[in-house]
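K.L.:
Sharing input.cif, mmCIF, C-alpha atoms and all ligand atoms:
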```cif
data_run
loop_
_atom_site.label_atom_id
_atom_site.label_comp_id
_atom_site.auth_asym_id
_atom_site.auth_seq_id
_atom_site.Cartn_x
_atom_site.Cartn_y
_atom_site.Cartn_z
CA MET A 1 0.00 0.00 0.00
CA GLU A 2 2.70 2.48 0.96
CA GLU A 3 4.45 2.29 -2.36
CA TRP A 4 1.24 2.71 -4.29
CA PHE A 5 0.04 5.48 -2.05
CA THR A 6 3.25 7.45 -2.41
CA LYS A 7 3.09 7.02 -6.16
CA VAL A 8 -0.44 8.31 -6.38
CA TYR A 9 -0.44 10.98 -3.72
CA GLY A 10 3.22 11.69 -3.23
CA ARG A 11 2.88 11.37 0.51
CA MET A 12 1.94 8.85 3.08
CA GLY A 13 -0.33 9.18 6.02
CA SER A 14 -3.96 9.34 5.19
CA PHE A 15 -6.30 10.20 2.41
CA PRO A 16 -6.90 13.86 1.69
CA LYS A 17 -9.00 15.51 4.33
CA LYS A 18 -11.47 18.30 4.15
CA GLN A 19 -13.80 19.92 6.56
CA LYS A 20 -15.80 18.03 9.10
CA LEU A 21 -19.23 16.68 8.41
CA ASN A 22 -20.88 19.23 10.59
CA GLY A 23 -22.29 22.53 9.49
CA GLY A 24 -25.94 23.36 9.59
CA ALA A 25 -28.50 22.51 12.14
CA GLU A 26 -28.16 19.46 14.29
CA TYR A 27 -31.28 17.60 15.21
CA ARG A 28 -31.84 15.02 17.83
CA MET A 29 -33.83 12.18 16.39
CA GLU A 30 -35.72 9.37 18.00
CA PRO A 31 -33.66 6.14 17.92
CA LYS A 32 -36.52 4.44 16.09
CA LEU A 33 -36.28 7.01 13.33
CA VAL A 34 -32.52 6.62 12.94
CA LYS A 35 -32.92 2.85 12.78
CA SER A 36 -35.57 3.23 10.09
CA LYS A 37 -33.12 5.38 8.11
CA PHE A 38 -30.41 2.69 8.35
CA ILE A 39 -32.83 0.09 7.00
CA GLY A 40 -34.20 2.55 4.44
CA SER A 41 -30.79 3.20 2.93
CA LEU A 42 -29.85 -0.46 2.55
CA LEU A 43 -33.27 -1.52 1.27
CA GLY A 44 -33.40 1.62 -0.88
CA THR A 45 -30.26 0.36 -2.64
CA PHE A 46 -31.98 -2.97 -3.29
CA VAL A 47 -35.27 -1.46 -4.50
CA GLY A 48 -33.57 0.99 -6.88
CA ASP A 49 -31.35 -1.79 -8.22
CA ALA A 50 -34.32 -4.12 -8.80
CA LEU A 51 -36.42 -1.38 -10.42
CA GLY A 52 -33.61 -0.33 -12.76
CA MET A 53 -32.23 -3.77 -13.60
CA PRO A 54 -34.66 -4.62 -16.43
CA VAL A 55 -33.80 -1.45 -18.37
CA GLU A 56 -30.06 -1.22 -17.80
CA GLY A 57 -28.47 0.36 -20.86
CA TYR A 58 -31.75 1.67 -22.27
CA SER A 59 -32.14 5.33 -23.14
CA ALA A 60 -34.85 7.44 -21.50
CA THR A 61 -36.66 7.46 -24.85
CA MET A 62 -36.60 3.67 -25.12
CA ILE A 63 -37.92 3.26 -21.59
CA ALA A 64 -40.72 5.75 -22.29
CA ARG A 65 -41.61 3.94 -25.51
CA ILE A 66 -41.82 0.53 -23.81
CA TYR A 67 -43.22 1.38 -20.38
CA GLY A 68 -44.52 4.93 -20.49
CA VAL A 69 -43.14 5.46 -17.01
CA LEU A 70 -41.43 2.46 -15.44
CA ASN A 71 -42.72 2.49 -11.88
CA GLU A 72 -43.15 -1.21 -11.14
CA ILE A 73 -40.58 -3.92 -10.52
CA VAL A 74 -40.80 -6.01 -13.66
CA HIS A 75 -39.12 -8.97 -15.26
CA GLY A 76 -35.74 -8.16 -16.67
CA GLY A 77 -33.70 -10.10 -19.20
CA TRP A 78 -32.45 -13.28 -17.62
CA ASN A 79 -33.57 -12.25 -14.15
CA ARG A 80 -36.83 -12.73 -12.27
CA PRO A 81 -38.63 -9.58 -11.11
CA GLY A 82 -37.21 -8.28 -7.84
CA CYS A 83 -33.76 -9.81 -8.22
CA TYR A 84 -30.78 -7.74 -7.25
CA THR A 85 -27.61 -7.27 -9.25
CA ASP A 86 -23.96 -6.71 -8.33
CA ASP A 87 -24.84 -3.35 -6.72
CA THR A 88 -26.84 -4.91 -3.91
CA GLN A 89 -24.69 -8.02 -3.69
CA MET A 90 -21.58 -5.93 -3.02
CA MET A 91 -23.52 -3.66 -0.65
CA ILE A 92 -24.40 -6.79 1.33
CA GLY A 93 -20.69 -7.58 1.53
CA VAL A 94 -19.92 -4.12 2.92
CA ALA A 95 -22.65 -4.45 5.55
CA GLU A 96 -21.60 -7.99 6.52
CA SER A 97 -18.02 -6.90 7.03
CA LEU A 98 -18.92 -3.87 9.16
CA VAL A 99 -21.24 -6.02 11.28
CA LYS A 100 -18.64 -8.71 11.79
CA CYS A 101 -15.62 -6.48 12.42
CA LYS A 102 -17.56 -3.57 13.96
CA ARG A 103 -15.33 -1.31 11.89
CA PHE A 104 -13.77 -1.18 8.46
CA ASP A 105 -11.36 -4.02 7.73
CA GLY A 106 -10.05 -4.08 4.17
CA ASN A 107 -8.97 -7.68 4.21
CA ASP A 108 -12.26 -8.91 5.58
CA LEU A 109 -14.24 -6.81 3.10
CA ALA A 110 -12.20 -8.15 0.19
CA ASN A 111 -12.95 -11.68 1.41
CA ARG A 112 -16.66 -10.85 1.50
CA PHE A 113 -16.54 -9.66 -2.10
CA VAL A 114 -14.85 -12.91 -3.10
CA ASP A 115 -17.19 -15.17 -1.08
CA ASN A 116 -20.37 -13.45 -2.27
CA PHE A 117 -19.34 -13.19 -5.91
CA ASP A 118 -21.92 -14.59 -8.30
CA MET A 119 -21.27 -13.98 -11.96
CA THR A 120 -24.97 -14.06 -12.82
CA ARG A 121 -25.47 -10.80 -10.90
CA GLY A 122 -24.01 -8.72 -13.71
CA TYR A 123 -20.59 -7.62 -12.45
CA GLY A 124 -18.52 -5.29 -14.58
CA PRO A 125 -15.45 -6.82 -16.23
CA GLY A 126 -13.00 -4.68 -14.22
CA THR A 127 -14.50 -5.65 -10.88
CA MET A 128 -14.49 -9.30 -11.93
CA ARG A 129 -10.78 -9.06 -12.66
CA VAL A 130 -10.10 -7.56 -9.26
CA ILE A 131 -12.19 -10.20 -7.51
CA MET A 132 -10.24 -12.86 -9.36
CA LYS A 133 -6.97 -11.34 -8.15
CA LEU A 134 -8.30 -11.12 -4.60
CA SER A 135 -9.34 -14.76 -4.73
CA GLU A 136 -5.77 -15.63 -5.69
CA GLY A 137 -4.53 -13.95 -2.52
CA TYR A 138 -3.64 -10.54 -3.92
CA PRO A 139 -3.65 -7.90 -1.11
CA TRP A 140 -6.88 -5.93 -0.83
CA ASP A 141 -5.12 -2.58 -1.10
CA LYS A 142 -3.14 -3.46 -4.23
CA ALA A 143 -5.48 -5.36 -6.51
CA GLY A 144 -7.63 -2.38 -7.53
CA ALA A 145 -4.77 0.02 -8.20
CA GLU A 146 -3.45 -2.10 -11.03
CA LEU A 147 -6.68 -1.97 -12.97
CA PHE A 148 -6.76 0.32 -16.02
CA ASP A 149 -3.30 1.63 -15.18
CA GLY A 150 -4.22 3.73 -12.16
CA GLY A 151 -7.48 2.30 -10.94
CA SER A 152 -11.08 2.47 -12.08
CA TYR A 153 -13.28 5.56 -11.78
CA GLY A 154 -16.46 3.63 -12.43
CA ASN A 155 -19.41 3.93 -10.08
CA GLY A 156 -18.93 0.44 -8.64
CA ALA A 157 -17.64 1.81 -5.35
CA ALA A 158 -20.41 4.39 -4.86
CA MET A 159 -23.18 1.92 -5.68
CA ARG A 160 -22.38 -0.25 -2.65
CA ILE A 161 -21.49 2.45 -0.12
CA ALA A 162 -24.80 2.73 1.80
CA PRO A 163 -23.68 0.75 4.89
CA ILE A 164 -20.70 3.11 5.28
CA GLY A 165 -22.85 6.21 4.79
CA VAL A 166 -25.21 5.18 7.57
CA PHE A 167 -22.66 3.63 9.94
CA TYR A 168 -20.37 6.69 9.83
CA HIS A 169 -23.09 9.31 9.41
CA ASP A 170 -21.91 11.14 12.52
CA GLU A 171 -18.20 10.37 12.15
CA SER A 172 -16.95 13.31 10.21
CA GLU A 173 -13.28 12.37 10.12
CA GLN A 174 -13.77 8.76 9.27
CA LEU A 175 -16.45 8.88 6.64
CA ARG A 176 -14.09 9.93 3.86
CA ASP A 177 -11.23 7.68 4.97
CA VAL A 178 -13.40 4.60 5.24
CA ALA A 179 -15.25 5.37 2.00
CA TYR A 180 -11.90 5.74 0.23
CA ARG A 181 -10.51 2.50 1.58
CA ALA A 182 -13.67 0.55 0.88
CA SER A 183 -13.73 1.99 -2.64
CA MET A 184 -10.09 1.39 -3.51
CA ILE A 185 -10.45 -2.38 -3.28
CA THR A 186 -11.98 -2.27 -6.76
CA HIS A 187 -12.00 1.43 -7.74
CA ALA A 188 -8.65 2.96 -6.84
CA HIS A 189 -8.68 6.00 -9.14
CA LEU A 190 -9.06 9.24 -7.19
CA LEU A 191 -12.30 10.06 -9.03
CA GLY A 192 -13.70 6.61 -8.21
CA MET A 193 -12.84 6.91 -4.52
CA GLU A 194 -14.09 10.50 -4.36
CA GLY A 195 -17.34 9.37 -6.01
CA GLY A 196 -17.71 6.73 -3.30
CA ALA A 197 -17.02 9.32 -0.61
CA ILE A 198 -19.48 11.85 -2.08
CA GLN A 199 -22.23 9.23 -2.25
CA ALA A 200 -21.46 8.17 1.35
CA TYR A 201 -21.58 11.81 2.42
CA ALA A 202 -24.94 12.40 0.70
CA ILE A 203 -26.32 9.35 2.53
CA ALA A 204 -24.86 10.55 5.83
CA ARG A 205 -26.48 13.97 5.44
CA ALA A 206 -29.77 12.32 4.53
CA VAL A 207 -29.61 10.25 7.73
CA ARG A 208 -28.91 13.39 9.75
CA THR A 209 -31.81 15.32 8.23
CA PRO A 210 -35.32 14.49 9.46
CA ALA A 211 -37.66 13.91 6.53
CA GLY A 212 -39.64 17.01 5.60
CA ILE A 213 -37.13 19.70 6.51
CA LEU A 214 -34.57 19.36 3.74
CA ASP A 215 -32.93 22.59 2.65
CA ARG A 216 -31.59 21.86 -0.83
CA GLU A 217 -29.34 24.90 -0.94
CA HIS A 218 -27.74 23.90 2.33
CA PHE A 219 -27.40 20.28 1.21
CA LEU A 220 -25.53 21.40 -1.93
CA ASN A 221 -23.34 23.82 -0.04
CA SER A 222 -22.34 21.14 2.42
CA LEU A 223 -21.47 18.87 -0.51
CA ARG A 224 -19.33 21.63 -2.00
CA ALA A 225 -17.50 21.96 1.28
CA PHE A 226 -16.99 18.20 1.48
CA ILE A 227 -15.72 17.60 -2.06
CA LEU A 228 -11.96 17.90 -2.48
CA ASP A 229 -10.98 21.27 -3.93
CA ASP A 230 -9.08 19.92 -6.90
CA VAL A 231 -11.63 17.47 -8.28
CA ASP A 232 -13.18 20.07 -10.57
CA ILE A 233 -15.53 17.70 -12.31
CA TYR A 234 -17.55 17.06 -9.16
CA HIS A 235 -17.72 20.77 -8.29
CA GLU A 236 -18.88 21.50 -11.81
CA LYS A 237 -21.60 18.85 -11.46
CA ILE A 238 -22.81 20.31 -8.17
CA ASN A 239 -23.15 23.70 -9.88
CA ARG A 240 -25.14 22.08 -12.66
CA ILE A 241 -27.41 20.36 -10.10
CA GLN A 242 -28.11 23.76 -8.61
CA ASP A 243 -28.96 25.24 -12.03
CA LEU A 244 -31.24 22.32 -12.87
CA LEU A 245 -33.09 22.61 -9.57
CA GLU A 246 -33.97 26.17 -10.49
CA LYS A 247 -35.79 25.17 -13.64
CA ASN A 248 -37.99 22.35 -14.81
CA PRO A 249 -35.64 20.46 -17.11
CA THR A 250 -36.48 17.60 -19.44
CA SER A 251 -34.87 14.19 -18.85
CA HIS A 252 -32.75 14.86 -21.89
CA GLU A 253 -31.40 18.10 -20.41
CA VAL A 254 -30.63 16.37 -17.10
CA VAL A 255 -28.76 13.54 -18.81
CA ASP A 256 -26.87 16.05 -20.96
CA ALA A 257 -25.83 18.09 -17.93
CA LEU A 258 -25.12 15.31 -15.41
CA GLY A 259 -24.69 12.07 -17.36
CA ASN A 260 -26.17 8.63 -16.80
CA ASN A 261 -23.31 6.27 -17.53
CA ILE A 262 -21.07 3.97 -15.51
CA THR A 263 -18.42 6.52 -14.57
CA SER A 264 -18.66 7.81 -11.06
CA PHE A 265 -18.81 11.49 -12.02
CA ASP A 266 -21.52 10.82 -14.61
CA SER A 267 -23.83 8.99 -12.21
CA VAL A 268 -23.31 9.95 -8.54
CA PRO A 269 -24.37 13.58 -9.26
CA THR A 270 -27.35 12.23 -11.24
CA ALA A 271 -28.50 10.24 -8.21
CA ILE A 272 -28.04 13.26 -5.93
CA TYR A 273 -30.06 15.41 -8.34
CA SER A 274 -32.83 12.76 -8.56
CA PHE A 275 -33.09 12.79 -4.77
CA LEU A 276 -33.03 16.58 -4.42
CA ALA A 277 -35.49 17.22 -7.26
CA HIS A 278 -37.95 14.71 -5.76
CA HIS A 279 -37.20 14.81 -2.07
CA ALA A 280 -40.85 14.77 -1.06
CA SER A 281 -41.25 11.13 -2.00
CA PHE A 282 -39.00 8.06 -2.01
CA GLU A 283 -41.00 6.57 -4.84
CA GLU A 284 -40.89 9.66 -7.07
CA ALA A 285 -37.12 10.06 -6.67
CA VAL A 286 -36.29 6.45 -7.54
CA VAL A 287 -38.78 6.27 -10.42
CA TYR A 288 -37.34 9.51 -11.78
CA ALA A 289 -33.76 8.22 -11.56
CA VAL A 290 -34.47 4.92 -13.29
CA ASN A 291 -36.44 6.57 -16.09
CA LEU A 292 -33.44 8.71 -17.01
CA GLY A 293 -32.01 5.58 -18.63
CA GLY A 294 -28.37 4.55 -18.94
CA ASP A 295 -26.87 2.77 -15.93
CA THR A 296 -30.35 2.46 -14.46
CA ASP A 297 -29.78 -0.20 -11.83
CA THR A 298 -26.87 1.68 -10.28
CA ILE A 299 -28.37 5.18 -10.55
CA GLY A 300 -31.59 3.72 -9.12
CA ALA A 301 -29.64 2.01 -6.31
CA MET A 302 -27.73 5.19 -5.41
CA THR A 303 -30.86 7.35 -5.48
CA GLY A 304 -32.64 4.74 -3.38
CA ALA A 305 -29.79 4.73 -0.86
CA ILE A 306 -29.97 8.51 -0.34
CA SER A 307 -33.78 8.74 -0.44
CA GLY A 308 -34.15 5.72 1.85
CA ALA A 309 -31.72 7.30 4.32
CA TYR A 310 -33.83 10.45 4.27
CA HIS A 311 -37.36 9.02 4.33
CA GLY A 312 -36.77 5.81 6.28
CA TYR A 313 -37.89 2.27 5.64
CA GLU A 314 -41.63 2.86 6.14
CA ASN A 315 -41.78 5.19 3.16
CA ILE A 316 -40.60 2.62 0.64
CA PRO A 317 -43.70 1.41 -1.23
CA THR A 318 -44.90 -1.93 0.13
CA ARG A 319 -45.75 -3.16 -3.34
CA TRP A 320 -42.05 -2.89 -4.21
CA LEU A 321 -40.80 -4.49 -0.99
CA GLU A 322 -43.09 -7.46 -1.57
CA LYS A 323 -41.50 -8.09 -4.95
CA LEU A 324 -37.92 -8.25 -3.69
CA GLU A 325 -36.21 -11.63 -3.67
CA ASN A 326 -36.11 -13.03 -0.18
CA GLY A 327 -33.89 -16.11 -0.23
CA THR A 328 -30.80 -16.74 1.88
CA LYS A 329 -29.41 -13.25 1.34
CA GLY A 330 -32.54 -11.43 0.32
CA ARG A 331 -34.81 -8.73 1.69
CA ASP A 332 -35.14 -9.94 5.30
CA TYR A 333 -31.42 -10.64 5.53
CA ILE A 334 -30.66 -7.07 4.38
CA ILE A 335 -33.09 -5.69 6.96
CA SER A 336 -31.34 -7.71 9.65
CA LEU A 337 -27.92 -6.45 8.54
CA ALA A 338 -29.19 -2.86 8.79
CA GLU A 339 -30.63 -3.56 12.25
CA GLN A 340 -27.34 -5.03 13.42
CA LEU A 341 -25.43 -2.08 12.00
CA TYR A 342 -27.76 0.26 13.85
CA LYS A 343 -27.31 -1.69 17.07
CA ILE A 344 -23.52 -1.52 16.85
CA TRP A 345 -23.62 2.18 15.96
CA SER A 346 -26.06 3.10 18.72
CA SER A 347 -24.19 1.19 21.41
CA GLY A 348 -20.91 2.76 20.36
CA ASN A 349 -19.64 -0.80 20.36
CA THR A 350 -17.15 -0.44 17.56
CA THR A 351 -13.80 -2.13 17.82
CA GLY A 352 -11.70 0.98 17.53
CA LYS A 353 -11.55 3.66 14.92
CA TRP A 354 -10.03 3.31 11.54
MG MG A 401 -25.74 -3.77 -11.41
#
```
Can the structure in the file be given as C-alpha cells, please?
Ligand SMILES: [Mg+2]
P.N.:
Amino acid sequence: MEEWFTKVYGRMGSFPKKQKLNGGAEYRMEPKLVKSKFIGSLLGTFVGDALGMPVEGYSATMIARIYGVLNEIVHGGWNRPGCYTDDTQMMIGVAESLVKCKRFDGNDLANRFVDNFDMTRGYGPGTMRVIMKLSEGYPWDKAGAELFDGGSYGNGAAMRIAPIGVFYHDESEQLRDVAYRASMITHAHLLGMEGGAIQAYAIARAVRTPAGILDREHFLNSLRAFILDDVDIYHEKINRIQDLLEKNPTSHEVVDALGNNITSFDSVPTAIYSFLAHHASFEEAVVYAVNLGGDTDTIGAMTGAISGAYHGYENIPTRWLEKLENGTKGRDYIISLAEQLYKIWSSGNTTGKW
C-alpha cells in the first residue's frame, strides 16, 4: 500500500481531508427514526437496483416507448422480477463486514466480495478481474490500483457504499477515509474513490436530516465543502445540479448536464439530483432516476440509498418491498444487517476507529 500510495499521492499518512461533516443545524432524532433510516438506505439500494435492472443500458426514450413510465418492478432479461444485481450483492458484503468487524477491515471486506461473488449478478469486467486477483490472494489494497493503469473511476464503489454512509453518518473524520478504503479495493482512481465518498456523504447527510425539513441549498453547499478542492468535475456537477433545480428540465437536459453512464462522475451527481429534485417522496425520486435511462440499476440504487436514508424504511412502497427476492441473502437478511449495523452504531460498540 505504501508504495502505491506514495506514487499516487506523493505522501503517506492518510487520504486527503477536508472539513468536518458538521455545518448546519443538528437535530436530535428518535432512535426508532434513525434505525428506520439505516434500514431505508440499505433496502433503498436494493429497490432501486431491482427497479432499474430490467432497463439497464436503455435510453430514457426507449424506456418511455416501452413502459410509459417504469414504476413497477418487472421482469428483466435473464432475471426474475425483484432480483438484485452486483450493486446490492456488493452492498451486502460491505454491511456484513462492518457487522462482523464492527469497523472497516479491508482484508475482511475483500474476502466478502470474493465469497459473495456470483457472476450471474451482472458484475462489470474490471470488478471481476479484481475479484479474481483477490481470490488468488492478492492484497486488498493493491489489486484495484493495477486496474486500467491507475485504478477504475467507475461507479462500482459508490453503488455499494450505503452501509458506510449510515454507519459513519456522525463520524466526520472517518467517513471519507473509510469510503476511500472501501472503494479502492476495486476502484482505486481518485475520481472513483471520491465518487464513493461523495455518495457516502450524501447518505450521511440524509440520515442526519429528518424527513420534511430538507434545505436543498444547504445540502448542496455542504457537498461543495466536502468535495476535495481539486476534483473540478464534481464541483462543476454540483453547480449544474443547482442550475437544474432552479428550472424544470427535461430528462434529456438532465442527462446532458449530469450524465447517466457507468463513470462515477456521470452517475453519482445524477443520483443526488434525482433525490433533491424529488425529495418529497422516495417513490418519485427512484422512479425519476431509473427513467433517465443509462446505468439504471446503479443510478436507481444510489438514489434509493440517499432517499431511503432520508425518508426511512416505512416510506418505501410496500408493493415494491413485496416483490424483492427473499432467499438466503434477500430482503429480510438485508433488513437484519441494517438492524445489526444500527445496534452496533447506537451502542458505540465499535472495535476501535479506523
Ligand atoms: Mg448492477
K.L.:
Counting all atoms listed in the file, what residues are within 6 Å of ligand MG 401 (chain A), given as a list in words?
P.N.:
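Using all atoms listed in the file, everything at most 6 Å from ligand MG 401 (chain A) comes to Thr85, Asp86, Asp87, Gly122, Asp297 and Thr298 of chain A.
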K.L.:
Any chance you could export the current selection's C-alpha atoms as a CSV table (one decimal), in the frame of the given file?
P.N.:
```
chain,number,residue,atom,x,y,z
A,85,THR,CA,-27.6,-7.3,-9.2
A,86,ASP,CA,-24.0,-6.7,-8.3
A,87,ASP,CA,-24.8,-3.4,-6.7
A,122,GLY,CA,-24.0,-8.7,-13.7
A,297,ASP,CA,-29.8,-0.2,-11.8
A,298,THR,CA,-26.9,1.7,-10.3
```
K.L.:
May I ask which of the residues A:Val47, A:Leu190, A:Leu175, A:Ile316 is the closest one to A:Phe265, counting all atoms listed in the file?
P.N.:
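Smallest separation from A:Phe265 among the options: A:Leu190.
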K.L.:
Can you tell me which residues surround stretch 207-222 of chain A at a distance of at most 8 Å, considering all atoms listed in the file, apart from same-chain residues fewer than 3 positions away, and format the answer as a count of residues only?
P.N.:
23
K.L.:
Report, as JSON, the axis-aligned box around all atoms of stretch 95-114 of chain A present in the file, extended by 5 Å on each side; give centre and edge lengths in Å to one decimal place.
P.N.:
```
{"center_x": -15.8, "center_y": -7.0, "center_z": 5.4, "size_x": 23.7, "size_y": 21.7, "size_z": 27.1}
```
K.L.:
Identify the residues within 10 Å of coordinate (-13.0, 3.9, -6.3) (same frame as the file), considering all atoms listed in the file, and give the answer as a count of residues only.
P.N.:
30
K.L.:
Of the candidates A:Glu30, A:Asp243, A:Asp295, A:Asp229, which one gets nearest to A:Asn261 if we count only C-alpha atoms?
P.N.:
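The shortest atom-to-atom distance to A:Asn261 comes from A:Asp295.
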K.L.:
Quick one: residues within 6 Å of A:Gly312, all atoms listed in the file counted, chain neighbours fewer than 4 positions away excluded, as number ranges by chain?
P.N.:
A: 36-37, 40, 308
K.L.:
Set the distance at 7 Å and use only C-alpha atoms: which residues neighbour A:Leu42 once local chain neighbours fewer than 2 positions away are removed? I'd like the list as number ranges by chain.
P.N.:
A: 38-40, 44-46, 162-163, 305, 334, 338
K.L.:
Would you mind exporting the chosen residues as a PDB file, in the coordinates of the input, restricted to C-alpha atoms?
P.N.:
```pdb
ATOM      1  CA  PHE A  38     -30.410   2.690   8.350  1.00  0.00           C
ATOM      2  CA  ILE A  39     -32.830   0.090   7.000  1.00  0.00           C
ATOM      3  CA  GLY A  40     -34.200   2.550   4.440  1.00  0.00           C
ATOM      4  CA  GLY A  44     -33.400   1.620  -0.880  1.00  0.00           C
ATOM      5  CA  THR A  45     -30.260   0.360  -2.640  1.00  0.00           C
ATOM      6  CA  PHE A  46     -31.980  -2.970  -3.290  1.00  0.00           C
ATOM      7  CA  ALA A 162     -24.800   2.730   1.800  1.00  0.00           C
ATOM      8  CA  PRO A 163     -23.680   0.750   4.890  1.00  0.00           C
ATOM      9  CA  ALA A 305     -29.790   4.730  -0.860  1.00  0.00           C
ATOM     10  CA  ILE A 334     -30.660  -7.070   4.380  1.00  0.00           C
ATOM     11  CA  ALA A 338     -29.190  -2.860   8.790  1.00  0.00           C
TER      12      ALA A 338
END
```
K.L.:
Between atom CA of A:Lys142 and atom CA of A:Ala200, what is the distance in Å, rounded to a tenth?
P.N.:
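Between atom CA of A:Lys142 and atom CA of A:Ala200 the gap is 22.4 Å.
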K.L.:
Set the distance at 8 Å and use all atoms listed in the file: which residues neighbour A:Val74 once local chain neighbours fewer than 5 positions away are removed? I'd like the list as number ranges by chain.
P.N.:
A: 51, 54, 80-82
K.L.:
Find, counting all atoms listed in the file, the residue in A:Asp118, A:Glu171, A:Glu325, A:Asp141 that gets nearest to A:Met90.
P.N.:
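Nearest candidate to A:Met90 out of A:Asp118, A:Glu171, A:Glu325, A:Asp141: A:Asp118.
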K.L.:
What is the atom CA of A:Phe167-atom CA of A:Trp345 distance in Å, reported with one decimal?
P.N.:
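Straight-line distance from atom CA of A:Phe167 to atom CA of A:Trp345 works out to 6.3 Å.
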K.L.:
What gap, in Å, lies between atom CA of A:Val99 and atom CA of A:Ser281?
P.N.:
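Atom-to-atom, atom CA of A:Val99 to atom CA of A:Ser281, that is 29.5 Å.
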K.L.:
Scan for residues within 6 Å of the point (-28.7, -9.7, -2.8) in the coordinates of the file, using only C-alpha atoms, and reply as a list in words.
P.N.:
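In the file's frame, the residues around the point are Tyr84, Thr88, Gln89, Lys329 and Gly330 of chain A.
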K.L.:
Return the single residue from A:Gly93, A:Pro317, A:Arg240, A:Asn111 that is closest to A:Glu136, with distances computed using only C-alpha atoms.
P.N.:
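Ranking A:Gly93, A:Pro317, A:Arg240, A:Asn111 by distance to A:Glu136, first place goes to A:Asn111.
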K.L.:
Any chance you could turn stretch 47-94 of chain A into a file with C-alpha atoms, as a PDB file, in the first residue's frame?
P.N.:
```pdb
ATOM      1  CA  VAL A  47     -35.271  -1.461  -4.501  1.00  0.00           C
ATOM      2  CA  GLY A  48     -33.567   0.992  -6.879  1.00  0.00           C
ATOM      3  CA  ASP A  49     -31.350  -1.787  -8.216  1.00  0.00           C
ATOM      4  CA  ALA A  50     -34.319  -4.119  -8.801  1.00  0.00           C
ATOM      5  CA  LEU A  51     -36.418  -1.385 -10.423  1.00  0.00           C
ATOM      6  CA  GLY A  52     -33.606  -0.328 -12.758  1.00  0.00           C
ATOM      7  CA  MET A  53     -32.227  -3.766 -13.601  1.00  0.00           C
ATOM      8  CA  PRO A  54     -34.659  -4.618 -16.435  1.00  0.00           C
ATOM      9  CA  VAL A  55     -33.804  -1.451 -18.374  1.00  0.00           C
ATOM     10  CA  GLU A  56     -30.064  -1.220 -17.796  1.00  0.00           C
ATOM     11  CA  GLY A  57     -28.469   0.357 -20.857  1.00  0.00           C
ATOM     12  CA  TYR A  58     -31.754   1.669 -22.270  1.00  0.00           C
ATOM     13  CA  SER A  59     -32.140   5.332 -23.137  1.00  0.00           C
ATOM     14  CA  ALA A  60     -34.847   7.437 -21.500  1.00  0.00           C
ATOM     15  CA  THR A  61     -36.656   7.460 -24.851  1.00  0.00           C
ATOM     16  CA  MET A  62     -36.604   3.665 -25.118  1.00  0.00           C
ATOM     17  CA  ILE A  63     -37.921   3.257 -21.586  1.00  0.00           C
ATOM     18  CA  ALA A  64     -40.719   5.745 -22.290  1.00  0.00           C
ATOM     19  CA  ARG A  65     -41.608   3.941 -25.506  1.00  0.00           C
ATOM     20  CA  ILE A  66     -41.819   0.531 -23.808  1.00  0.00           C
ATOM     21  CA  TYR A  67     -43.224   1.376 -20.384  1.00  0.00           C
ATOM     22  CA  GLY A  68     -44.517   4.929 -20.493  1.00  0.00           C
ATOM     23  CA  VAL A  69     -43.138   5.460 -17.008  1.00  0.00           C
ATOM     24  CA  LEU A  70     -41.432   2.464 -15.445  1.00  0.00           C
ATOM     25  CA  ASN A  71     -42.721   2.486 -11.878  1.00  0.00           C
ATOM     26  CA  GLU A  72     -43.153  -1.209 -11.144  1.00  0.00           C
ATOM     27  CA  ILE A  73     -40.579  -3.921 -10.522  1.00  0.00           C
ATOM     28  CA  VAL A  74     -40.798  -6.006 -13.657  1.00  0.00           C
ATOM     29  CA  HIS A  75     -39.123  -8.974 -15.256  1.00  0.00           C
ATOM     30  CA  GLY A  76     -35.743  -8.162 -16.670  1.00  0.00           C
ATOM     31  CA  GLY A  77     -33.705 -10.104 -19.196  1.00  0.00           C
ATOM     32  CA  TRP A  78     -32.453 -13.283 -17.619  1.00  0.00           C
ATOM     33  CA  ASN A  79     -33.575 -12.249 -14.148  1.00  0.00           C
ATOM     34  CA  ARG A  80     -36.829 -12.730 -12.269  1.00  0.00           C
ATOM     35  CA  PRO A  81     -38.633  -9.585 -11.113  1.00  0.00           C
ATOM     36  CA  GLY A  82     -37.212  -8.280  -7.844  1.00  0.00           C
ATOM     37  CA  CYS A  83     -33.757  -9.815  -8.219  1.00  0.00           C
ATOM     38  CA  TYR A  84     -30.783  -7.744  -7.252  1.00  0.00           C
ATOM     39  CA  THR A  85     -27.608  -7.273  -9.253  1.00  0.00           C
ATOM     40  CA  ASP A  86     -23.956  -6.715  -8.326  1.00  0.00           C
ATOM     41  CA  ASP A  87     -24.836  -3.349  -6.717  1.00  0.00           C
ATOM     42  CA  THR A  88     -26.841  -4.911  -3.910  1.00  0.00           C
ATOM     43  CA  GLN A  89     -24.690  -8.017  -3.686  1.00  0.00           C
ATOM     44  CA  MET A  90     -21.579  -5.933  -3.021  1.00  0.00           C
ATOM     45  CA  MET A  91     -23.522  -3.655  -0.652  1.00  0.00           C
ATOM     46  CA  ILE A  92     -24.401  -6.788   1.331  1.00  0.00           C
ATOM     47  CA  GLY A  93     -20.686  -7.580   1.534  1.00  0.00           C
ATOM     48  CA  VAL A  94     -19.916  -4.117   2.921  1.00  0.00           C
TER      49      VAL A  94
END
```
